[in-house]
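Heads up: the structure comes next, in structure tokens.
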Amino acid sequence: MNSSATPARVGLKPLIIYCCPESGLFLPIESGDFPSFFEIPDIAVSFSAQSKGWARNLAANFKLFTASDESNLLLRMNTYDLILVHPLSLNSLAKFALGIQDSLPSRLFFEATRLGKPVLLNDHFLPALNDQMNPHLVRIYRKHWEGLISGTISGFNLENLEQISVKILRNRTAVAVKTGERQIVTREDVIIAAESLEPFRVPAGAIITDLAREEAEKRGVIFLTD
């Protein structure tokens with residue numbers, strides 16, 4: 001065994017994108033909020049959250065990035081295993097859905113999706129159908145949400161975060177069935193990849209069955225060739 005080889009990572013390194021909710025309610029972040037197999041998260045703070053002074057509270061416990069660190073953080077995106085938008089503001093939700101990239105959260109979101117990283121959006125401030133907000137706006141924001149949630153993008157809350165993250169941890173690379181010298185990608189492999197919220201990394205020369213392609217299209221799974 002080569003003793004100089006880099007040991008396999010056993011946990012997940014998250015980046016948390018911290019937006020300022022429209023309510024102005026500060027949502028504190030504690031290490032205990034996250035699964036035990038999470039490494040200590042890094043946090044990117046939106047300009048509006050920073051302007052409220054919340055960055056100081058977060059910097060006491062986490063490595064913090066602000067808009068001035070954007071270029072450096074974009075270069076580091078591949079070092080993170082998953083991205084959590086926590087909390088998610090409705091303003092950022094609309095920007096994500098409409099493809100607007102004029103803020104630190106929106107640019108990080110699109111870089112994460114470009115890289116095929118799992119992106120988890122906190123549904124805490126998503127308006128309910130019976131919310132006191134203007135019903136027209138409720139429908140618009142919920143339509144934005146429904147349009148985003150597919151493929152590598154999923155909703156979450158602190159109650160189901162561990163369950164979702166376990167799937168990502170276990171299924172980092174979907175397993176293809178090996179037959180002879182070539183690998184066959186089946187519908188079941190695609191289902192596993194969909195649950196992991198990651199693109200399906202297909203070995204070069206693998207055979208992808210028609211059922212696998214149909215399932216991938218239905219679930220928003222992207223095939224990437226290694």
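Residues in the structure tokens are named by chain (A, B, ... in the order shown) and by number from 1 within that chain; ligands are numbered from 1 in the order shown.
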List every residue of stretch 1-196 of chain A that DSSP, applied to the backbone of this structure, assigns to strand (DSSP E or B), and report them as a PyMOL selection string.
chain A and resi 12+14-18+38+42-45+63-65+82-85+119-122+150+153-156+177-179+182-185
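Atom to atom, atom CA of A:Asp69 and atom CA of A:Ile164 stand 29.3 Å apart.
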Have a look at atom CA of A:Phe38 and atom CA of A:Gly116 and let me know their distance in Å, one decimal.
19.2 Å
Interface rows for stretch 54-136 of chain A against stretch 181-203 of chain A: nearest pair, Å to one decimal, 9 Å, only C-alpha atoms, as CSV:
residue,atom,partner,partner_atom,distance
A:Gly116,CA,A:Pro199,CA,6.0
A:Lys117,CA,A:Glu198,CA,6.3
A:Pro118,CA,A:Leu197,CA,5.3
A:Val119,CA,A:Leu197,CA,8.0
Saved selection, atoms kept: C-alpha atoms, as a PDB file, in the first residue's frame:
ATOM      1  CA  GLY A 116     -23.125  19.384 -10.421  1.00  0.00           C
ATOM      2  CA  LYS A 117     -22.923  19.886  -6.656  1.00  0.00           C
ATOM      3  CA  PRO A 118     -25.944  18.910  -4.539  1.00  0.00           C
ATOM      4  CA  VAL A 119     -27.736  22.129  -3.557  1.00  0.00           C
TER       5      VAL A 119
END
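When atom CA of A:Ser23 is paired with atom CA of A:Ser150, their separation reads 26.9 Å.
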Please return as a VMD selection string: the residues of stretch 39-226 of chain A that backbone DSSP assigns to helix (DSSP H, G or I).
chain A and resid 47 to 51 54 to 59 67 to 79 90 to 98 104 to 114 135 to 148 161 to 170 187 to 196 210 to 219
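By only C-alpha atoms, and with residues fewer than 6 positions from A:Ala94 along its chain excluded, the set lying at most 10 Å from it is Ile100, Ser106, Ile140, Tyr141, Arg142, Lys143, His144, Trp145 and Leu148 of chain A.
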Applying 7 Å and only C-alpha atoms, which residues near A:Val85 remain after dropping the ones on its own chain fewer than 2 positions away? List them as a ChimeraX atom specification.
/A:16-18,83,87-88,120-122
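With distances restricted to only C-alpha atoms, A:Ile153 is the closest residue to A:Arg114 from A:Leu25, A:Ile153, A:Lys52, A:Ile168.
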Identify, on the basis of only C-alpha atoms, every residue whose closest approach to A:Ser36 does not exceed 10 Å; exclude the query and any residue fewer than 6 positions from it along the same chain; express the result as a ChimeraX atom specification.
/A:11-12,162
From the set A:Glu70, A:Ala204, A:Ser51, A:Thr152, which residue has the shortest atom-to-atom contact distance to A:Ile222, counting only C-alpha atoms?
A:Thr152
Leaving out A:Lys63 and any residue of its chain fewer than 2 positions from it, which residues lie within 9 Å of it when counting only C-alpha atoms, given as a PyMOL selection string?
chain A and resi 40-44+58-61+65
Pull N, CA and C atoms from the residues just selected and write them as a PDB file, in the first residue's frame.
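The new file again_14.pdb reads:
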ATOM      1  N   ILE A  40     -16.907  20.911   9.632  1.00  0.00           N
ATOM      2  CA  ILE A  40     -17.330  22.260  10.019  1.00  0.00           C
ATOM      3  C   ILE A  40     -17.629  23.055   8.751  1.00  0.00           C
ATOM      4  N   PRO A  41     -18.834  23.602   8.626  1.00  0.00           N
ATOM      5  CA  PRO A  41     -19.190  24.316   7.393  1.00  0.00           C
ATOM      6  C   PRO A  41     -18.432  25.634   7.262  1.00  0.00           C
ATOM      7  N   ASP A  42     -18.248  26.065   6.015  1.00  0.00           N
ATOM      8  CA  ASP A  42     -17.883  27.437   5.728  1.00  0.00           C
ATOM      9  C   ASP A  42     -19.175  28.178   5.395  1.00  0.00           C
ATOM     10  N   ILE A  43     -19.179  29.491   5.590  1.00  0.00           N
ATOM     11  CA  ILE A  43     -20.403  30.262   5.378  1.00  0.00           C
ATOM     12  C   ILE A  43     -20.126  31.458   4.482  1.00  0.00           C
ATOM     13  N   ALA A  44     -20.970  31.611   3.461  1.00  0.00           N
ATOM     14  CA  ALA A  44     -20.953  32.791   2.594  1.00  0.00           C
ATOM     15  C   ALA A  44     -22.157  33.645   2.950  1.00  0.00           C
ATOM     16  N   LEU A  58     -21.788  35.084  13.107  1.00  0.00           N
ATOM     17  CA  LEU A  58     -21.426  33.836  12.448  1.00  0.00           C
ATOM     18  C   LEU A  58     -19.915  33.609  12.432  1.00  0.00           C
ATOM     19  N   ALA A  59     -19.142  34.704  12.325  1.00  0.00           N
ATOM     20  CA  ALA A  59     -17.687  34.577  12.232  1.00  0.00           C
ATOM     21  C   ALA A  59     -17.073  34.044  13.521  1.00  0.00           C
ATOM     22  N   ALA A  60     -17.822  34.090  14.613  1.00  0.00           N
ATOM     23  CA  ALA A  60     -17.289  33.589  15.880  1.00  0.00           C
ATOM     24  C   ALA A  60     -17.084  32.077  15.846  1.00  0.00           C
ATOM     25  N   ASN A  61     -17.854  31.380  14.991  1.00  0.00           N
ATOM     26  CA  ASN A  61     -17.795  29.914  14.991  1.00  0.00           C
ATOM     27  C   ASN A  61     -17.443  29.289  13.649  1.00  0.00           C
ATOM     28  N   PHE A  65     -17.153  34.036   4.451  1.00  0.00           N
ATOM     29  CA  PHE A  65     -16.856  34.705   3.187  1.00  0.00           C
ATOM     30  C   PHE A  65     -17.938  35.744   2.931  1.00  0.00           C
TER      31      PHE A  65
END
May I have the residues within 10 Å of A:Met77 as an MDAnalysis selection string, using only C-alpha atoms and disregarding those fewer than 3 positions away in the same chain?
chainID A and resid 15 72:74 80:83 108 111:112 115 117
